[in-house]
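For reference, the structure is listed below as structure tokens.
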Amino acid sequence: MIEPYIPGILLAYGVFMIGMFTPGPNILAVIGTSMSIGRRQGKALALGIGTGTLCWGLVTLAGLTALVSAYASFMVILKTAGALYLLWLAFKAFKSALSNKMPEISAVGAYGGAWTFYKRGLLIQMTNAKAAFVWIAIMSLAMDGDAPLWIGGLVVAGTGVISIFGHLVYAVAFSTSPVVAAYGKARRWIDCALGAYFCFASYKLATYRG
């Protein structure tokens, strides 16, 4: 039965989707590449990052499943770590909202075709240590110690689609100057909304007793 897990799955999707609006290294790389090099290279980079998201999800799912199976109480530690990480994301979002500085945007190399930029995107994502903490938080929201493996599979598949589509949207949108200007004007409000949502998700994760 999937019904008991639907709220957690949707919350996990929500956290991941909201995280897509946070200008981290991956997103800034896509934006910078699309703005300074071209939309084609930006889209290739986005696909590579999306593939890396799927890889991180599968690795995390396999590791957490093994740990929870061996140590049932380990889920409490995971949920605590996930809640604290979400609070850290909220703090960063509020801090960014109070800052006048725009995030530093730069491309990842100026040469190469689509395949080269795809590999760069995959490398960027797979060497991003922060991704491990992101996935611990996401999996902790969606699964408890009794959740079947296919629930985690739904989370991995769904977030993989969100990652690929979201990064492609960034690649296409930020190859146009009006979008860049509009984001600069709305950035602080966006950061405030992100911080509020991460606080909410952290509270839900910390108080979840499923």
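For the structure tokens, the naming scheme is as follows: chains receive sequential letters (A, B, ...) according to their order of presentation, residues are indexed from 1 within each chain, and ligands are indexed from 1 in presentation order.
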
Contacts of range 54-65 of chain A at 8 Å or less, counting only C-alpha atoms, minus same-chain residues fewer than 2 places along, as a tab-separated table (two decimals) with C-alpha atoms, in the first residue's frame?
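Full text of selection.tsv as output:
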chain	number	residue	atom	x	y	z
A	50	GLY	CA	20.67	15.13	-13.84
A	51	THR	CA	22.35	11.79	-14.51
A	52	GLY	CA	24.57	12.36	-11.50
A	67	LEU	CA	22.11	0.24	7.30
A	68	VAL	CA	18.47	0.40	8.38
A	69	SER	CA	18.08	-3.35	7.85
A	126	MET	CA	29.36	13.12	-8.52
A	131	ALA	CA	24.79	15.76	-2.40
A	132	ALA	CA	25.18	13.03	0.24
A	135	TRP	CA	19.94	12.65	-0.18
A	136	ILE	CA	19.98	11.66	3.49
A	139	MET	CA	15.26	9.72	1.91
A	149	LEU	CA	12.47	-0.60	-1.18
A	152	GLY	CA	12.81	4.69	-2.22
A	153	GLY	CA	12.83	3.79	-5.90
A	156	VAL	CA	14.92	8.33	-6.80
A	157	ALA	CA	13.01	8.19	-10.09
A	159	THR	CA	13.76	13.41	-8.14
A	160	GLY	CA	15.83	12.29	-11.11

Which of range 29-203 of chain A fall in alpha helix (DSSP H), as a ChimeraX atom specification: /A:29-36,39-70,74-98,114-126,130-142,149-173,177-203

Test item: residues at most 12 Å from range 180-184 of chain A, only C-alpha atoms, excluding those fewer than 3 positions along its chain, as a list in words: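 Here the answer would be Phe21, Thr22, Pro23, Leu28, Ile31, Gly32, Ser34, Met35, Ala97, Asn100, Lys101, Met102, Pro103, Ile105, Tyr170, Ala171, Val172, Ala173, Phe174, Ser175, Thr176, Ser177, Arg187, Arg188, Trp189, Ile190 and Asp191 of chain A.
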
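With only C-alpha atoms as the atoms that count, the residue of A:Val179, A:Thr207, A:Gly42, A:Ile138 with the shortest distance to Val15 in chain A is A:Ile138.
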
CA of Met20 in chain A to CA of Thr127 in chain A, distance in Å rounded to a single decimal: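 Spanning CA of Met20 in chain A to CA of Thr127 in chain A is a straight-line distance of 17.8 Å.
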
For Ala90 in chain A: contacts at 6 Å, only C-alpha atoms, fewer than 3 positions along chain excluded, given as a PyMOL selection string: chain A and resi 87+93+195+198-199

Written file, previous selection with N, CA and C atoms, as a CSV table (one decimal), in the first residue's frame:
chain,number,residue,atom,x,y,z
A,87,LEU,N,17.7,22.7,8.3
A,87,LEU,CA,17.8,23.9,9.0
A,87,LEU,C,19.0,24.7,8.5
A,93,ALA,N,19.7,30.3,3.1
A,93,ALA,CA,18.7,31.0,2.3
A,93,ALA,C,18.4,32.4,2.9
A,195,GLY,N,13.9,29.7,2.5
A,195,GLY,CA,14.2,29.5,3.9
A,195,GLY,C,13.0,29.1,4.7
A,198,PHE,N,12.2,25.4,3.9
A,198,PHE,CA,13.2,24.4,4.5
A,198,PHE,C,13.0,24.3,6.0
A,199,CYS,N,12.6,25.4,6.7
A,199,CYS,CA,12.2,25.3,8.1
A,199,CYS,C,11.0,24.4,8.3
